[in-house]
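Trainee: Okay, so here is run_16.csv, and as you'll see once you scroll down, it has CSV, N, CA and C atoms.
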```csv
chain,number,residue,atom,x,y,z
A,1078,MET,N,3.8,7.3,-5.6
A,1078,MET,CA,3.6,6.1,-4.7
A,1078,MET,C,2.2,6.2,-4.1
A,1079,SER,N,1.7,7.4,-3.9
A,1079,SER,CA,0.3,7.5,-3.3
A,1079,SER,C,-0.7,6.8,-4.1
A,1080,SER,N,-0.6,7.0,-5.4
A,1080,SER,CA,-1.6,6.4,-6.3
A,1080,SER,C,-1.6,4.9,-6.3
A,1081,ILE,N,-0.4,4.3,-6.2
A,1081,ILE,CA,-0.2,2.9,-6.1
A,1081,ILE,C,-0.8,2.4,-4.8
A,1082,ILE,N,-0.5,3.1,-3.7
A,1082,ILE,CA,-1.0,2.6,-2.4
A,1082,ILE,C,-2.6,2.7,-2.4
A,1083,ILE,N,-3.1,3.7,-3.0
A,1083,ILE,CA,-4.6,3.9,-3.0
A,1083,ILE,C,-5.2,2.7,-3.8
A,1084,VAL,N,-4.7,2.4,-5.0
A,1084,VAL,CA,-5.2,1.3,-5.8
A,1084,VAL,C,-5.0,0.0,-5.0
A,1085,LEU,N,-3.9,-0.2,-4.5
A,1085,LEU,CA,-3.7,-1.5,-3.7
A,1085,LEU,C,-4.5,-1.5,-2.5
A,1086,GLY,N,-4.7,-0.4,-1.8
A,1086,GLY,CA,-5.5,-0.4,-0.6
A,1086,GLY,C,-6.9,-0.7,-0.9
A,1087,ALA,N,-7.4,-0.3,-2.0
A,1087,ALA,CA,-8.8,-0.6,-2.4
A,1087,ALA,C,-9.0,-2.1,-2.6
A,1088,ALA,N,-7.9,-2.8,-3.0
A,1088,ALA,CA,-8.0,-4.2,-3.3
A,1088,ALA,C,-7.7,-5.1,-2.1
A,1089,VAL,N,-7.4,-4.5,-1.0
A,1089,VAL,CA,-7.0,-5.3,0.2
A,1089,VAL,C,-8.3,-5.9,0.8
A,1090,ASP,N,-8.2,-7.2,1.1
A,1090,ASP,CA,-9.2,-7.9,1.8
A,1090,ASP,C,-9.2,-7.6,3.2
A,1091,PHE,N,-10.3,-7.2,3.8
A,1091,PHE,CA,-10.2,-6.7,5.2
A,1091,PHE,C,-9.8,-7.8,6.2
A,1092,GLY,N,-10.0,-9.1,5.9
A,1092,GLY,CA,-9.6,-10.2,6.8
A,1092,GLY,C,-8.1,-10.3,6.8
A,1093,ASP,N,-7.4,-10.0,5.7
A,1093,ASP,CA,-6.0,-10.1,5.6
A,1093,ASP,C,-5.4,-8.7,5.3
A,1094,PRO,N,-4.7,-8.0,6.2
A,1094,PRO,CA,-4.3,-6.7,6.0
A,1094,PRO,C,-3.4,-6.5,4.7
A,1095,ASP,N,-2.8,-7.5,4.3
A,1095,ASP,CA,-2.0,-7.4,3.0
A,1095,ASP,C,-2.8,-7.9,1.8
A,1096,GLY,N,-3.8,-8.7,2.1
A,1096,GLY,CA,-4.6,-9.2,1.0
A,1096,GLY,C,-3.8,-10.1,0.1
A,1097,GLY,N,-2.7,-10.7,0.6
A,1097,GLY,CA,-1.8,-11.5,-0.2
A,1097,GLY,C,-0.9,-10.7,-1.0
A,1098,LEU,N,-0.8,-9.4,-0.8
A,1098,LEU,CA,0.0,-8.5,-1.6
A,1098,LEU,C,1.5,-8.7,-1.3
A,1099,SER,N,2.3,-8.7,-2.3
A,1099,SER,CA,3.7,-8.8,-2.2
A,1099,SER,C,4.3,-7.6,-2.9
A,1100,LEU,N,5.6,-7.4,-2.6
A,1100,LEU,CA,6.3,-6.3,-3.3
A,1100,LEU,C,6.4,-6.6,-4.8
A,1101,GLY,N,6.4,-7.9,-5.1
A,1101,GLY,CA,6.5,-8.3,-6.5
A,1101,GLY,C,5.2,-7.9,-7.2
A,1102,ASP,N,4.1,-7.8,-6.5
A,1102,ASP,CA,2.9,-7.3,-7.1
A,1102,ASP,C,2.9,-5.9,-7.5
A,1103,ILE,N,3.8,-5.1,-6.8
A,1103,ILE,CA,3.9,-3.7,-7.0
A,1103,ILE,C,5.0,-3.3,-8.0
A,1104,LEU,N,6.1,-4.1,-7.9
A,1104,LEU,CA,7.2,-3.8,-8.7
A,1104,LEU,C,7.1,-4.5,-10.1
A,1105,LYS,N,6.0,-4.2,-10.7
A,1105,LYS,CA,5.7,-4.8,-12.1
A,1105,LYS,C,5.9,-3.7,-13.1
A,1106,PRO,N,6.4,-4.0,-14.3
A,1106,PRO,CA,6.6,-3.0,-15.3
A,1106,PRO,C,5.4,-2.2,-15.6
A,1107,ASP,N,4.2,-2.8,-15.6
A,1107,ASP,CA,3.0,-2.1,-16.0
A,1107,ASP,C,2.6,-1.0,-14.9
A,1108,LEU,N,3.1,-1.2,-13.7
A,1108,LEU,CA,2.9,-0.2,-12.7
A,1108,LEU,C,4.1,0.8,-12.6
A,1109,ILE,N,5.3,0.4,-13.0
A,1109,ILE,CA,6.4,1.2,-12.9
A,1109,ILE,C,6.6,2.1,-14.1
A,1110,LEU,N,6.3,1.6,-15.3
A,1110,LEU,CA,6.5,2.4,-16.5
A,1110,LEU,C,5.8,3.8,-16.5
A,1111,PRO,N,4.5,3.9,-16.0
A,1111,PRO,CA,3.9,5.2,-16.0
A,1111,PRO,C,4.7,6.1,-15.0
A,1112,LEU,N,5.2,5.6,-14.0
A,1112,LEU,CA,6.0,6.5,-13.1
A,1112,LEU,C,7.3,6.9,-13.8
A,1113,LEU,N,7.9,6.1,-14.5
A,1113,LEU,CA,9.1,6.5,-15.3
A,1113,LEU,C,8.9,7.5,-16.3
A,1114,GLU,N,7.7,7.5,-16.8
A,1114,GLU,CA,7.3,8.5,-17.9
A,1114,GLU,C,6.9,9.9,-17.3
A,1115,THR,N,6.5,9.9,-16.0
A,1115,THR,CA,6.0,11.1,-15.4
A,1115,THR,C,6.9,11.7,-14.3
A,1116,LEU,N,7.8,10.9,-13.8
A,1116,LEU,CA,8.7,11.3,-12.7
A,1116,LEU,C,10.1,11.2,-13.1
A,1117,PRO,N,11.0,12.0,-12.5
A,1117,PRO,CA,12.4,11.8,-12.8
A,1117,PRO,C,13.1,10.7,-12.0
A,1118,ILE,N,12.5,9.5,-12.1
A,1118,ILE,CA,13.0,8.4,-11.3
A,1118,ILE,C,14.3,7.8,-11.9
A,1119,GLU,N,14.3,7.8,-13.2
A,1119,GLU,CA,15.5,7.2,-13.9
A,1119,GLU,C,16.8,7.8,-13.4
A,1120,ASP,N,16.9,9.1,-13.3
A,1120,ASP,CA,18.1,9.8,-12.8
A,1120,ASP,C,18.4,9.4,-11.4
A,1121,ARG,N,17.4,9.2,-10.6
A,1121,ARG,CA,17.6,8.9,-9.2
A,1121,ARG,C,18.0,7.4,-9.0
A,1122,LEU,N,17.5,6.6,-9.9
A,1122,LEU,CA,17.8,5.1,-9.8
A,1122,LEU,C,19.2,4.8,-10.5
A,1123,ALA,N,19.6,5.6,-11.4
A,1123,ALA,CA,20.8,5.3,-12.2
A,1123,ALA,C,22.0,4.9,-11.4
A,1124,PRO,N,22.3,5.6,-10.3
A,1124,PRO,CA,23.5,5.2,-9.5
A,1124,PRO,C,23.4,3.8,-8.9
A,1125,PHE,N,22.2,3.2,-8.8
A,1125,PHE,CA,22.0,1.9,-8.2
A,1125,PHE,C,21.9,0.8,-9.2
A,1126,LEU,N,21.8,1.2,-10.5
A,1126,LEU,CA,21.7,0.2,-11.6
A,1126,LEU,C,23.0,-0.3,-12.1
A,1127,PRO,N,23.1,-1.5,-12.6
A,1127,PRO,CA,24.3,-2.0,-13.2
A,1127,PRO,C,24.8,-1.1,-14.3
A,1128,GLU,N,26.1,-1.0,-14.4
A,1128,GLU,CA,26.7,-0.2,-15.5
A,1128,GLU,C,26.2,-0.6,-16.8
A,1129,GLY,N,25.9,0.3,-17.7
A,1129,GLY,CA,25.4,0.0,-19.0
A,1129,GLY,C,23.9,-0.4,-19.0
A,1130,GLN,N,23.2,-0.3,-17.9
A,1130,GLN,CA,21.8,-0.7,-17.8
A,1130,GLN,C,21.0,0.4,-17.1
A,1131,LYS,N,20.9,1.5,-17.7
A,1131,LYS,CA,20.3,2.7,-17.0
A,1131,LYS,C,19.1,3.3,-17.8
A,1132,THR,N,18.6,2.7,-18.8
A,1132,THR,CA,17.5,3.2,-19.5
A,1132,THR,C,16.2,2.6,-19.0
A,1133,SER,N,15.0,3.1,-19.4
A,1133,SER,CA,13.7,2.5,-19.0
A,1133,SER,C,13.6,1.1,-19.4
A,1134,ASP,N,14.1,0.8,-20.6
A,1134,ASP,CA,14.0,-0.6,-21.1
A,1134,ASP,C,14.8,-1.5,-20.2
A,1135,ASP,N,16.0,-1.1,-19.9
A,1135,ASP,CA,16.9,-1.8,-19.0
A,1135,ASP,C,16.2,-2.1,-17.6
A,1136,LEU,N,15.6,-1.0,-17.1
A,1136,LEU,CA,15.0,-1.2,-15.8
A,1136,LEU,C,13.8,-2.2,-15.9
A,1137,VAL,N,13.1,-2.2,-16.9
A,1137,VAL,CA,12.0,-3.2,-17.1
A,1137,VAL,C,12.6,-4.6,-17.1
A,1138,GLU,N,13.7,-4.7,-17.9
A,1138,GLU,CA,14.3,-6.0,-17.9
A,1138,GLU,C,14.8,-6.5,-16.6
A,1139,ILE,N,15.4,-5.6,-15.8
A,1139,ILE,CA,15.8,-5.9,-14.4
A,1139,ILE,C,14.6,-6.3,-13.6
A,1140,LEU,N,13.5,-5.6,-13.7
A,1140,LEU,CA,12.3,-5.8,-12.9
A,1140,LEU,C,11.7,-7.2,-13.2
A,1141,GLN,N,11.9,-7.7,-14.4
A,1141,GLN,CA,11.4,-9.0,-14.8
A,1141,GLN,C,12.4,-10.1,-14.6
A,1142,SER,N,13.6,-9.8,-14.3
A,1142,SER,CA,14.7,-10.9,-14.2
A,1142,SER,C,14.4,-11.8,-13.0
A,1143,PRO,N,14.7,-13.1,-13.2
A,1143,PRO,CA,14.5,-14.0,-12.1
A,1143,PRO,C,15.2,-13.7,-10.8
A,1144,PRO,N,16.5,-13.2,-10.9
A,1144,PRO,CA,17.2,-12.9,-9.6
A,1144,PRO,C,16.5,-11.7,-8.9
A,1145,PHE,N,16.1,-10.7,-9.6
A,1145,PHE,CA,15.4,-9.6,-8.9
A,1145,PHE,C,14.1,-10.1,-8.3
A,1146,ARG,N,13.3,-10.8,-9.0
A,1146,ARG,CA,12.0,-11.3,-8.5
A,1146,ARG,C,12.3,-12.2,-7.3
A,1147,GLN,N,13.3,-13.0,-7.3
A,1147,GLN,CA,13.6,-13.8,-6.1
A,1147,GLN,C,14.0,-12.9,-4.9
A,1148,GLN,N,14.8,-11.9,-5.1
A,1148,GLN,CA,15.1,-11.0,-4.0
A,1148,GLN,C,13.9,-10.2,-3.5
A,1149,VAL,N,13.0,-9.8,-4.4
A,1149,VAL,CA,11.8,-9.1,-3.9
A,1149,VAL,C,10.9,-10.1,-3.1
A,1150,ASP,N,10.8,-11.3,-3.6
A,1150,ASP,CA,10.0,-12.3,-2.8
A,1150,ASP,C,10.6,-12.5,-1.4
A,1151,THR,N,12.0,-12.6,-1.4
A,1151,THR,CA,12.7,-12.8,-0.1
A,1151,THR,C,12.4,-11.6,0.8
A,1152,PHE,N,12.5,-10.4,0.3
A,1152,PHE,CA,12.3,-9.2,1.1
A,1152,PHE,C,10.9,-9.2,1.6
A,1153,THR,N,9.9,-9.6,0.8
A,1153,THR,CA,8.5,-9.6,1.2
A,1153,THR,C,8.4,-10.6,2.4
A,1154,TYR,N,9.0,-11.8,2.3
A,1154,TYR,CA,8.9,-12.8,3.3
A,1154,TYR,C,9.5,-12.2,4.7
A,1155,VAL,N,10.7,-11.7,4.6
A,1155,VAL,CA,11.3,-11.2,5.9
A,1155,VAL,C,10.5,-10.0,6.4
A,1156,LEU,N,9.9,-9.2,5.6
A,1156,LEU,CA,9.0,-8.1,6.0
A,1156,LEU,C,7.8,-8.7,6.7
A,1157,ARG,N,7.1,-9.6,6.1
A,1157,ARG,CA,5.9,-10.2,6.7
A,1157,ARG,C,6.1,-10.9,8.0
A,1158,THR,N,7.3,-11.6,8.1
A,1158,THR,CA,7.6,-12.4,9.3
A,1158,THR,C,8.2,-11.6,10.4
A,1159,GLY,N,8.5,-10.3,10.1
A,1159,GLY,CA,9.1,-9.4,11.2
A,1159,GLY,C,10.6,-9.6,11.4
A,1160,GLN,N,11.2,-10.2,10.4
A,1160,GLN,CA,12.6,-10.5,10.5
A,1160,GLN,C,13.5,-9.4,10.0
A,1161,ILE,N,13.0,-8.2,10.0
A,1161,ILE,CA,13.7,-7.1,9.5
A,1161,ILE,C,13.6,-5.9,10.5
A,1162,ASP,N,14.7,-5.1,10.5
A,1162,ASP,CA,14.7,-4.0,11.4
A,1162,ASP,C,14.2,-2.8,10.5
A,1163,LEU,N,13.0,-2.4,10.7
A,1163,LEU,CA,12.4,-1.3,9.9
A,1163,LEU,C,13.1,0.0,10.2
A,1164,SER,N,13.8,0.2,11.3
A,1164,SER,CA,14.5,1.5,11.6
A,1164,SER,C,15.6,1.7,10.6
A,1165,GLN,N,16.1,0.7,9.9
A,1165,GLN,CA,17.2,0.9,8.9
A,1165,GLN,C,16.6,1.7,7.7
A,1166,PHE,N,15.3,1.7,7.6
A,1166,PHE,CA,14.7,2.5,6.5
A,1166,PHE,C,14.1,3.8,7.0
A,1167,GLY,N,14.5,4.2,8.3
A,1167,GLY,CA,13.9,5.4,8.8
A,1167,GLY,C,12.5,5.2,9.3
A,1168,ILE,N,12.1,4.0,9.6
A,1168,ILE,CA,10.7,3.7,9.9
A,1168,ILE,C,10.6,3.4,11.4
A,1169,ASP,N,9.7,4.0,12.1
A,1169,ASP,CA,9.5,3.6,13.6
A,1169,ASP,C,8.7,2.4,13.6
A,1170,PRO,N,9.3,1.2,14.0
A,1170,PRO,CA,8.5,0.0,13.9
A,1170,PRO,C,7.3,-0.1,14.9
A,1171,SER,N,7.2,0.8,15.8
A,1171,SER,CA,6.1,0.8,16.8
A,1171,SER,C,4.9,1.4,16.1
A,1172,LYS,N,5.0,2.1,15.0
A,1172,LYS,CA,3.9,2.8,14.4
A,1172,LYS,C,3.3,2.0,13.2
A,1173,TYR,N,4.0,1.0,12.7
A,1173,TYR,CA,3.6,0.3,11.5
A,1173,TYR,C,3.6,-1.2,11.7
A,1174,LYS,N,2.8,-1.9,10.9
A,1174,LYS,CA,2.7,-3.3,11.0
A,1174,LYS,C,3.8,-3.9,10.0
A,1175,PHE,N,4.0,-5.2,10.1
A,1175,PHE,CA,4.9,-5.9,9.2
A,1175,PHE,C,4.1,-6.4,8.0
A,1176,THR,N,3.5,-5.5,7.3
A,1176,THR,CA,2.8,-5.9,6.0
A,1176,THR,C,3.4,-5.0,4.9
A,1177,VAL,N,3.1,-5.5,3.7
A,1177,VAL,CA,3.7,-4.7,2.5
A,1177,VAL,C,3.0,-3.3,2.5
A,1178,LEU,N,1.7,-3.3,2.6
A,1178,LEU,CA,1.0,-2.0,2.5
A,1178,LEU,C,1.4,-1.1,3.6
A,1179,SER,N,1.6,-1.5,4.8
A,1179,SER,CA,2.1,-0.7,5.9
A,1179,SER,C,3.5,-0.2,5.7
A,1180,PHE,N,4.3,-1.1,5.1
A,1180,PHE,CA,5.7,-0.7,4.8
A,1180,PHE,C,5.7,0.4,3.8
A,1181,LEU,N,4.9,0.3,2.8
A,1181,LEU,CA,4.8,1.3,1.7
A,1181,LEU,C,4.3,2.7,2.3
A,1182,GLU,N,3.3,2.6,3.2
A,1182,GLU,CA,2.8,3.8,3.8
A,1182,GLU,C,3.9,4.4,4.7
A,1183,ALA,N,4.7,3.6,5.4
A,1183,ALA,CA,5.7,4.1,6.2
A,1183,ALA,C,6.8,4.8,5.4
A,1184,LEU,N,7.2,4.2,4.3
A,1184,LEU,CA,8.2,4.8,3.4
A,1184,LEU,C,7.6,6.1,2.9
A,1185,GLU,N,6.4,6.2,2.5
A,1185,GLU,CA,5.8,7.4,2.0
A,1185,GLU,C,5.8,8.5,3.1
A,1186,ASP,N,5.5,8.1,4.3
A,1186,ASP,CA,5.5,9.1,5.4
A,1186,ASP,C,6.9,9.6,5.7
A,1187,SER,N,7.9,8.7,5.6
A,1187,SER,CA,9.3,9.0,5.8
A,1187,SER,C,9.8,10.0,4.8
A,1188,VAL,N,9.5,9.7,3.5
A,1188,VAL,CA,9.9,10.6,2.4
A,1188,VAL,C,9.2,12.0,2.6
A,1189,SER,N,7.9,12.0,2.9
A,1189,SER,CA,7.2,13.2,3.1
A,1189,SER,C,7.9,14.1,4.2
A,1190,LYS,N,8.2,13.4,5.3
A,1190,LYS,CA,8.9,14.2,6.4
A,1190,LYS,C,10.2,14.7,6.0
A,1191,GLN,N,11.0,13.9,5.2
A,1191,GLN,CA,12.3,14.4,4.7
A,1191,GLN,C,12.1,15.6,3.8
A,1192,LEU,N,11.1,15.5,2.9
A,1192,LEU,CA,10.9,16.6,2.0
A,1192,LEU,C,10.5,17.9,2.8
A,1193,GLU,N,9.6,17.7,3.8
A,1193,GLU,CA,9.2,18.9,4.6
A,1193,GLU,C,10.3,19.5,5.3
A,1194,SER,N,11.2,18.7,5.9
A,1194,SER,CA,12.3,19.2,6.6
A,1194,SER,C,13.4,19.9,5.7
A,1195,SER,N,13.5,19.4,4.5
A,1195,SER,CA,14.5,20.0,3.6
A,1195,SER,C,13.9,21.3,3.0
A,1196,GLU,N,12.6,21.4,2.9
A,1196,GLU,CA,12.0,22.6,2.4
A,1196,GLU,C,12.0,23.7,3.4
A,1197,SER,N,11.9,23.3,4.7
A,1197,SER,CA,11.9,24.3,5.8
A,1197,SER,C,13.3,24.9,6.1
A,1198,THR,N,14.3,24.3,5.6
A,1198,THR,CA,15.7,24.8,5.9
A,1198,THR,C,16.2,25.7,4.8
```
Show me, as C-alpha coordinates, the structure contained in the file I just sent.
Mentor:
Amino acid sequence: MSSIIIVLGAAVDFGDPDGGLSLGDILKPDLILPLLETLPIEDRLAPFLPEGQKTSDDLVEILQSPPFRQQVDTFTYVLRTGQIDLSQFGIDPSKYKFTVLSFLEALEDSVSKQLESSEST
(Lines of atoms letter the chains of each structure in order from A and count residues from 1; the text may use other names and numbers.)
(Lines give C-alpha, C1' and ligand atoms only; values in the text may rest on other atoms or scores of the structure.)
Protein backbone atom coordinates (compact mmCIF):
# COMPACT_ATOMS: atom_id res chain seq x y z
CA MET A 1 0.00 0.00 0.00
CA SER A 2 2.92 2.33 0.65
CA SER A 3 3.91 2.33 -3.01
CA ILE A 4 0.36 3.21 -4.06
CA ILE A 5 0.23 6.05 -1.53
CA ILE A 6 3.61 7.39 -2.70
CA VAL A 7 2.55 7.36 -6.36
CA LEU A 8 -0.80 8.92 -5.57
CA GLY A 9 0.73 11.44 -3.20
CA ALA A 10 3.06 12.65 -5.93
CA ALA A 11 0.07 13.29 -8.17
CA VAL A 12 -1.89 15.27 -5.58
CA ASP A 13 -2.54 18.92 -6.41
CA PHE A 14 -1.48 21.02 -3.43
CA GLY A 15 -4.64 23.16 -3.66
CA ASP A 16 -6.85 20.10 -3.22
CA PRO A 17 -5.55 17.57 -0.66
CA ASP A 18 -7.24 14.73 -2.53
CA GLY A 19 -6.44 16.07 -5.97
CA GLY A 20 -9.82 14.67 -7.04
CA LEU A 21 -8.64 11.24 -5.97
CA SER A 22 -11.29 8.63 -5.26
CA LEU A 23 -11.08 5.08 -3.99
CA GLY A 24 -12.20 4.04 -7.47
CA ASP A 25 -8.95 5.52 -8.81
CA ILE A 26 -7.01 3.20 -6.52
CA LEU A 27 -9.08 0.03 -6.73
CA LYS A 28 -8.34 -0.48 -10.40
CA PRO A 29 -7.18 -3.82 -11.78
CA ASP A 30 -3.95 -2.35 -13.17
CA LEU A 31 -2.98 -1.23 -9.65
CA ILE A 32 -4.32 -4.30 -7.82
CA LEU A 33 -2.97 -7.06 -10.10
CA PRO A 34 0.71 -6.41 -9.25
CA LEU A 35 -0.22 -6.68 -5.56
CA LEU A 36 -1.99 -9.98 -6.17
CA GLU A 37 1.11 -11.30 -7.89
CA THR A 38 3.52 -10.31 -5.12
CA LEU A 39 1.52 -10.49 -1.89
CA PRO A 40 -0.65 -13.25 -0.39
CA ILE A 41 -3.73 -11.06 -0.73
CA GLU A 42 -5.95 -13.64 -2.41
CA ASP A 43 -5.92 -15.89 0.65
CA ARG A 44 -6.80 -12.99 2.91
CA LEU A 45 -9.58 -11.74 0.63
CA ALA A 46 -11.08 -15.16 -0.11
CA PRO A 47 -13.41 -15.25 2.93
CA PHE A 48 -14.95 -11.94 1.83
CA LEU A 49 -15.50 -12.85 -1.82
CA PRO A 50 -18.62 -14.50 -3.21
CA GLU A 51 -18.63 -18.29 -3.26
CA GLY A 52 -17.01 -19.60 -6.44
CA GLN A 53 -15.32 -16.25 -7.17
CA LYS A 54 -12.00 -16.47 -5.40
CA THR A 55 -9.36 -16.33 -8.17
CA SER A 56 -7.40 -13.28 -9.38
CA ASP A 57 -9.53 -13.16 -12.52
CA ASP A 58 -12.69 -13.22 -10.41
CA LEU A 59 -11.35 -10.40 -8.25
CA VAL A 60 -10.62 -8.28 -11.33
CA GLU A 61 -14.15 -8.93 -12.56
CA ILE A 62 -15.56 -7.86 -9.19
CA LEU A 63 -13.40 -4.70 -9.17
CA GLN A 64 -14.79 -3.75 -12.57
CA SER A 65 -18.42 -4.58 -11.85
CA PRO A 66 -20.89 -1.67 -11.79
CA PRO A 67 -22.28 -2.56 -8.32
CA PHE A 68 -18.78 -2.59 -6.80
CA ARG A 69 -17.81 0.67 -8.54
CA GLN A 70 -21.00 2.31 -7.27
CA GLN A 71 -20.33 1.21 -3.69
CA VAL A 72 -16.74 2.49 -3.91
CA ASP A 73 -17.99 5.85 -5.20
CA THR A 74 -20.54 6.01 -2.38
CA PHE A 75 -17.86 5.22 0.22
CA THR A 76 -15.62 7.92 -1.26
CA TYR A 77 -18.49 10.41 -0.99
CA VAL A 78 -19.28 9.66 2.66
CA LEU A 79 -15.57 9.75 3.48
CA ARG A 80 -15.04 13.14 1.86
CA THR A 81 -18.14 14.63 3.44
CA GLY A 82 -17.27 13.34 6.92
CA GLN A 83 -20.41 11.22 7.16
CA ILE A 84 -18.47 8.22 8.43
CA ASP A 85 -17.13 7.22 11.82
CA LEU A 86 -13.44 6.57 11.17
CA SER A 87 -13.08 4.89 14.55
CA GLN A 88 -14.90 1.84 13.15
CA PHE A 89 -11.72 1.26 11.12
CA GLY A 90 -9.47 1.72 14.12
CA ILE A 91 -8.63 5.28 13.01
CA ASP A 92 -8.43 8.22 15.41
CA PRO A 93 -10.48 10.86 13.55
CA SER A 94 -8.68 13.69 15.30
CA LYS A 95 -5.38 12.72 13.62
CA TYR A 96 -6.59 12.43 10.02
CA LYS A 97 -8.58 14.41 7.49
CA PHE A 98 -11.62 13.23 5.59
CA THR A 99 -9.74 12.67 2.34
CA VAL A 100 -8.98 9.48 0.46
CA LEU A 101 -5.22 9.93 0.81
CA SER A 102 -5.48 10.61 4.54
CA PHE A 103 -7.80 7.60 4.95
CA LEU A 104 -5.25 5.33 3.21
CA GLU A 105 -2.42 6.70 5.34
CA ALA A 106 -4.50 6.10 8.47
CA LEU A 107 -5.22 2.51 7.43
CA GLU A 108 -1.55 1.94 6.77
CA ASP A 109 -0.64 3.37 10.20
CA SER A 110 -3.30 1.20 11.84
CA VAL A 111 -2.04 -1.97 10.15
CA SER A 112 1.57 -1.11 11.03
CA LYS A 113 0.65 -0.68 14.69
CA GLN A 114 -1.24 -3.99 14.71
CA LEU A 115 1.75 -5.76 13.16
CA GLU A 116 4.14 -4.19 15.66
CA SER A 117 1.99 -5.21 18.61
CA SER A 118 1.55 -8.77 17.33
CA GLU A 119 5.31 -9.12 16.77
CA SER A 120 6.11 -7.88 20.26
CA THR A 121 3.89 -10.49 21.94
Trainee: Using DSSP on the backbone coordinates, identify the residues of chain A assigned to helix (DSSP H, G or I); present them as a VMD selection string.
Mentor: chain A and resid 1079 to 1088 1100 to 1103 1106 to 1115 1118 to 1125 1133 to 1141 1143 to 1157 1163 to 1166 1177 to 1197
Trainee: Figure out the distance between atom N of Leu1104 of chain A and atom N of Val1177 of chain A, please, to one decimal in Å.
Mentor: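 Separation between atom N of Val1177 of chain A and atom N of Leu1104 of chain A: 12.1 Å.
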Trainee: So which one's closest to Val1137 of chain A, A:Thr1115, A:Leu1108, A:Leu1163, A:Arg1121? Using only C-alpha atoms, please.
Mentor: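 Closest to Val1137 of chain A of all the choices is A:Leu1108.
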Trainee: From the options A:Pro1143, A:Pro1127, A:Thr1176, A:Leu1184, which residue's atoms come nearest to Thr1158 of chain A, counting only N, CA and C atoms?
Mentor: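 Ranked by minimum distance to Thr1158 of chain A, first place goes to A:Thr1176.
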Trainee: Taking all atoms listed in the file into account, name the residue in A:Ser1197, A:Ala1183, A:Phe1166, A:Leu1178 that is nearest to Ser1099 of chain A.
Mentor: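 Of the candidates, the smallest distance to Ser1099 of chain A is held by A:Leu1178.
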Trainee: Mind listing as a ChimeraX atom specification all residues within 12 Å of (4.0, -2.8, 12.7), counting only C-alpha atoms?
Mentor: /A:1094,1156-1164,1168-1183
Trainee: Which of these, A:Val1155, A:Leu1192, A:Leu1140, A:Val1149, has the shortest distance to Lys1105 of chain A once you count only N, CA and C atoms?
Mentor: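 Result for the nearest residue to Lys1105 of chain A: A:Leu1140.
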Trainee: So how many Å separate atom N of Ile1118 of chain A and atom C of Glu1185 of chain A, to one decimal?
Mentor: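 Computed distance, atom N of Ile1118 of chain A to atom C of Glu1185 of chain A, equals 16.6 Å.
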Trainee: To one decimal place in Å, what is the distance between atom C of Asp1102 of chain A and atom CA of Ile1139 of chain A?
Mentor: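 Interatomic distance, atom C of Asp1102 of chain A to atom CA of Ile1139 of chain A: 14.6 Å.
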Trainee: Return the single residue from A:Glu1193, A:Glu1138, A:Asp1186, A:Asp1150 that is closest to Leu1110 of chain A, with distances computed using only C-alpha atoms.
Mentor: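 Closest candidate: A:Glu1138.
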Trainee: Choose the residue, out of A:Leu1112, A:Ser1189, A:Gln1148, A:Thr1153, that has the smallest atom-to-atom separation from Gly1167 of chain A; count only C-alpha atoms.
Mentor: A:Ser1189
